[in-house]
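Remarks on the structure that follows.
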Amino acid sequence: MTGFIRDIMEKMMPQPGGIDCGGVMAQLYEYLDGELDDPALQEKIRAHLEKCRRCYPRYNFEKAFLRFVSDRGHTSAPPELRRKIFQTLLEEEGHD
Ligand SMILES: [Zn+2]
């Protein structure tokens with residue numbers, strides 16, 4: 001299956017959890033840090049991540065990255081560094 005057809009099919013699918021990928025990505029750090037004070041939103045994101053093939057790998061990456069950072073004695077990475085690594089991941093993903 002080509003990436004083009006896959007993209008169209010994903011656009012036609014209902015968004016898991018009733019929230020779209022952009023919405024999930026915008027709140028991903030807050031979700032991971034447990035900083036969302038809206039339990040309904042938290043549940044929507046959880047449901048979305050469980051079903052979404054696009055968001056789940058990014059979520060997993062962020063989770064692993066946070067663990068990597070905290071294993072080294074830091075409670076959080078500078079947002080700039082996180083963004084940079086995240087961006088690199090997204091660009092690599094575009095090459096397949
Ligand atoms: Zn998604």
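Naming works like this for the structure tokens: A, B, ... for the chains as they're shown, residue 1 at the start of each chain, ligands 1 onward in shown order.
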
* To do: Write out as a PyMOL selection string which residues come within 12 Å of Tyr56 in chain A when counting only C-alpha atoms, dropping same-chain ones fewer than 2 positions away.
  => chain A and resi 16+21+24-25+28+45-54+58-63

Restricting it to N, CA and C atoms, dump the selection as a PDB file, in the first residue's frame.
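Listed below is the output, part_24.pdb:
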```pdb
ATOM      1  N   PRO A  16      -9.922   8.134  16.472  1.00  0.00           N
ATOM      2  CA  PRO A  16     -10.078   7.397  17.723  1.00  0.00           C
ATOM      3  C   PRO A  16     -10.157   8.350  18.922  1.00  0.00           C
ATOM      4  N   CYS A  21      -5.329  13.867  15.558  1.00  0.00           N
ATOM      5  CA  CYS A  21      -3.905  13.703  15.843  1.00  0.00           C
ATOM      6  C   CYS A  21      -3.260  15.019  16.265  1.00  0.00           C
ATOM      7  N   VAL A  24      -4.001  15.674  19.850  1.00  0.00           N
ATOM      8  CA  VAL A  24      -3.231  14.798  20.735  1.00  0.00           C
ATOM      9  C   VAL A  24      -1.787  15.285  20.834  1.00  0.00           C
ATOM     10  N   MET A  25      -1.197  15.607  19.679  1.00  0.00           N
ATOM     11  CA  MET A  25       0.198  16.039  19.680  1.00  0.00           C
ATOM     12  C   MET A  25       0.385  17.345  20.451  1.00  0.00           C
ATOM     13  N   LEU A  28       0.492  16.385  24.109  1.00  0.00           N
ATOM     14  CA  LEU A  28       1.224  15.162  24.463  1.00  0.00           C
ATOM     15  C   LEU A  28       2.139  15.344  25.675  1.00  0.00           C
ATOM     16  N   ILE A  45      -7.347  11.282  25.025  1.00  0.00           N
ATOM     17  CA  ILE A  45      -5.985  11.110  24.512  1.00  0.00           C
ATOM     18  C   ILE A  45      -5.534   9.669  24.689  1.00  0.00           C
ATOM     19  N   ARG A  46      -5.844   9.098  25.858  1.00  0.00           N
ATOM     20  CA  ARG A  46      -5.467   7.710  26.106  1.00  0.00           C
ATOM     21  C   ARG A  46      -6.118   6.790  25.067  1.00  0.00           C
ATOM     22  N   ALA A  47      -7.409   7.012  24.811  1.00  0.00           N
ATOM     23  CA  ALA A  47      -8.145   6.184  23.856  1.00  0.00           C
ATOM     24  C   ALA A  47      -7.574   6.366  22.447  1.00  0.00           C
ATOM     25  N   HIS A  48      -7.228   7.590  22.119  1.00  0.00           N
ATOM     26  CA  HIS A  48      -6.669   7.872  20.798  1.00  0.00           C
ATOM     27  C   HIS A  48      -5.317   7.166  20.620  1.00  0.00           C
ATOM     28  N   LEU A  49      -4.466   7.280  21.615  1.00  0.00           N
ATOM     29  CA  LEU A  49      -3.122   6.694  21.514  1.00  0.00           C
ATOM     30  C   LEU A  49      -3.191   5.176  21.390  1.00  0.00           C
ATOM     31  N   GLU A  50      -4.192   4.601  22.019  1.00  0.00           N
ATOM     32  CA  GLU A  50      -4.349   3.154  21.982  1.00  0.00           C
ATOM     33  C   GLU A  50      -4.658   2.669  20.563  1.00  0.00           C
ATOM     34  N   LYS A  51      -5.355   3.495  19.797  1.00  0.00           N
ATOM     35  CA  LYS A  51      -5.834   3.073  18.486  1.00  0.00           C
ATOM     36  C   LYS A  51      -5.046   3.650  17.316  1.00  0.00           C
ATOM     37  N   CYS A  52      -4.385   4.774  17.530  1.00  0.00           N
ATOM     38  CA  CYS A  52      -3.816   5.504  16.395  1.00  0.00           C
ATOM     39  C   CYS A  52      -2.399   5.045  16.072  1.00  0.00           C
ATOM     40  N   ARG A  53      -2.229   4.561  14.832  1.00  0.00           N
ATOM     41  CA  ARG A  53      -0.918   4.066  14.401  1.00  0.00           C
ATOM     42  C   ARG A  53       0.079   5.198  14.202  1.00  0.00           C
ATOM     43  N   ARG A  54      -0.442   6.400  13.986  1.00  0.00           N
ATOM     44  CA  ARG A  54       0.475   7.520  13.764  1.00  0.00           C
ATOM     45  C   ARG A  54       0.963   8.123  15.085  1.00  0.00           C
ATOM     46  N   ARG A  58       4.930   8.008  18.352  1.00  0.00           N
ATOM     47  CA  ARG A  58       5.457   9.285  18.861  1.00  0.00           C
ATOM     48  C   ARG A  58       5.308   9.351  20.377  1.00  0.00           C
ATOM     49  N   TYR A  59       4.168   8.870  20.831  1.00  0.00           N
ATOM     50  CA  TYR A  59       3.927   8.808  22.270  1.00  0.00           C
ATOM     51  C   TYR A  59       4.965   7.917  22.942  1.00  0.00           C
ATOM     52  N   ASN A  60       5.198   6.748  22.328  1.00  0.00           N
ATOM     53  CA  ASN A  60       6.178   5.809  22.859  1.00  0.00           C
ATOM     54  C   ASN A  60       7.570   6.416  22.894  1.00  0.00           C
ATOM     55  N   PHE A  61       7.909   7.123  21.849  1.00  0.00           N
ATOM     56  CA  PHE A  61       9.207   7.778  21.768  1.00  0.00           C
ATOM     57  C   PHE A  61       9.361   8.808  22.881  1.00  0.00           C
ATOM     58  N   GLU A  62       8.350   9.627  23.052  1.00  0.00           N
ATOM     59  CA  GLU A  62       8.400  10.657  24.091  1.00  0.00           C
ATOM     60  C   GLU A  62       8.507  10.040  25.480  1.00  0.00           C
ATOM     61  N   LYS A  63       7.772   8.961  25.677  1.00  0.00           N
ATOM     62  CA  LYS A  63       7.784   8.286  26.968  1.00  0.00           C
ATOM     63  C   LYS A  63       9.184   7.730  27.252  1.00  0.00           C
TER      64      LYS A  63
END
```

* Asked: Taking the backbone alone, and naming residues the way the document does, which bits of chain A are helix (DSSP H, G or I) by DSSP, as a ChimeraX atom specification?
  -> /A:3-12,16-18,21-32,39-51,55-71,79-93

Take the residues from that selection and write them out as a compact mmCIF listing (two decimals), in the first residue's frame, keeping C-alpha atoms.
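Written output follows (again_32.txt):
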```txt
# COMPACT_ATOMS: atom_id res chain seq x y z
CA GLY A 3 1.71 6.22 1.55
CA PHE A 4 -0.78 8.22 -0.51
CA ILE A 5 -3.56 5.65 -0.25
CA ARG A 6 -2.76 5.08 3.40
CA ASP A 7 -3.12 8.80 4.08
CA ILE A 8 -6.51 8.94 2.37
CA MET A 9 -7.76 5.92 4.25
CA GLU A 10 -6.64 7.42 7.54
CA LYS A 11 -8.42 10.67 6.75
CA MET A 12 -11.64 8.77 6.11
CA PRO A 16 -10.08 7.40 17.72
CA GLY A 17 -11.19 8.87 21.03
CA GLY A 18 -13.02 11.69 19.25
CA CYS A 21 -3.90 13.70 15.84
CA GLY A 22 -3.11 17.41 15.97
CA GLY A 23 -5.03 17.75 19.21
CA VAL A 24 -3.23 14.80 20.74
CA MET A 25 0.20 16.04 19.68
CA ALA A 26 -0.52 19.51 21.04
CA GLN A 27 -1.24 18.05 24.49
CA LEU A 28 1.22 15.16 24.46
CA TYR A 29 3.78 16.64 26.85
CA GLU A 30 1.11 17.67 29.35
CA TYR A 31 -0.42 14.20 29.09
CA LEU A 32 2.93 12.50 29.71
CA PRO A 39 -9.90 13.88 33.13
CA ALA A 40 -12.20 13.71 30.08
CA LEU A 41 -9.45 15.04 27.84
CA GLN A 42 -6.94 12.70 29.40
CA GLU A 43 -9.24 9.77 28.64
CA LYS A 44 -9.73 10.95 25.04
CA ILE A 45 -5.99 11.11 24.51
CA ARG A 46 -5.47 7.71 26.11
CA ALA A 47 -8.14 6.18 23.86
CA HIS A 48 -6.67 7.87 20.80
CA LEU A 49 -3.12 6.69 21.51
CA GLU A 50 -4.35 3.15 21.98
CA LYS A 51 -5.83 3.07 18.49
CA CYS A 55 0.41 8.92 17.29
CA TYR A 56 1.34 5.83 19.24
CA PRO A 57 4.97 5.61 18.04
CA ARG A 58 5.46 9.29 18.86
CA TYR A 59 3.93 8.81 22.27
CA ASN A 60 6.18 5.81 22.86
CA PHE A 61 9.21 7.78 21.77
CA GLU A 62 8.40 10.66 24.09
CA LYS A 63 7.78 8.29 26.97
CA ALA A 64 11.11 6.54 26.37
CA PHE A 65 12.84 9.88 26.06
CA LEU A 66 11.43 11.10 29.37
CA ARG A 67 12.64 7.90 31.01
CA PHE A 68 16.06 8.29 29.43
CA VAL A 69 16.32 11.81 30.81
CA SER A 70 15.07 10.95 34.28
CA ASP A 71 17.45 7.97 34.49
CA PRO A 79 11.80 22.08 25.78
CA GLU A 80 14.12 23.15 22.97
CA LEU A 81 15.99 19.84 23.10
CA ARG A 82 12.78 17.86 23.20
CA ARG A 83 11.43 19.73 20.21
CA LYS A 84 14.63 19.19 18.27
CA ILE A 85 14.69 15.44 18.86
CA PHE A 86 11.01 15.17 18.14
CA GLN A 87 11.43 17.08 14.88
CA THR A 88 14.27 14.80 13.80
CA LEU A 89 12.07 11.79 14.41
CA LEU A 90 9.23 13.23 12.35
CA GLU A 91 11.54 14.07 9.46
CA GLU A 92 12.99 10.56 9.40
CA GLU A 93 9.50 9.15 9.39
```
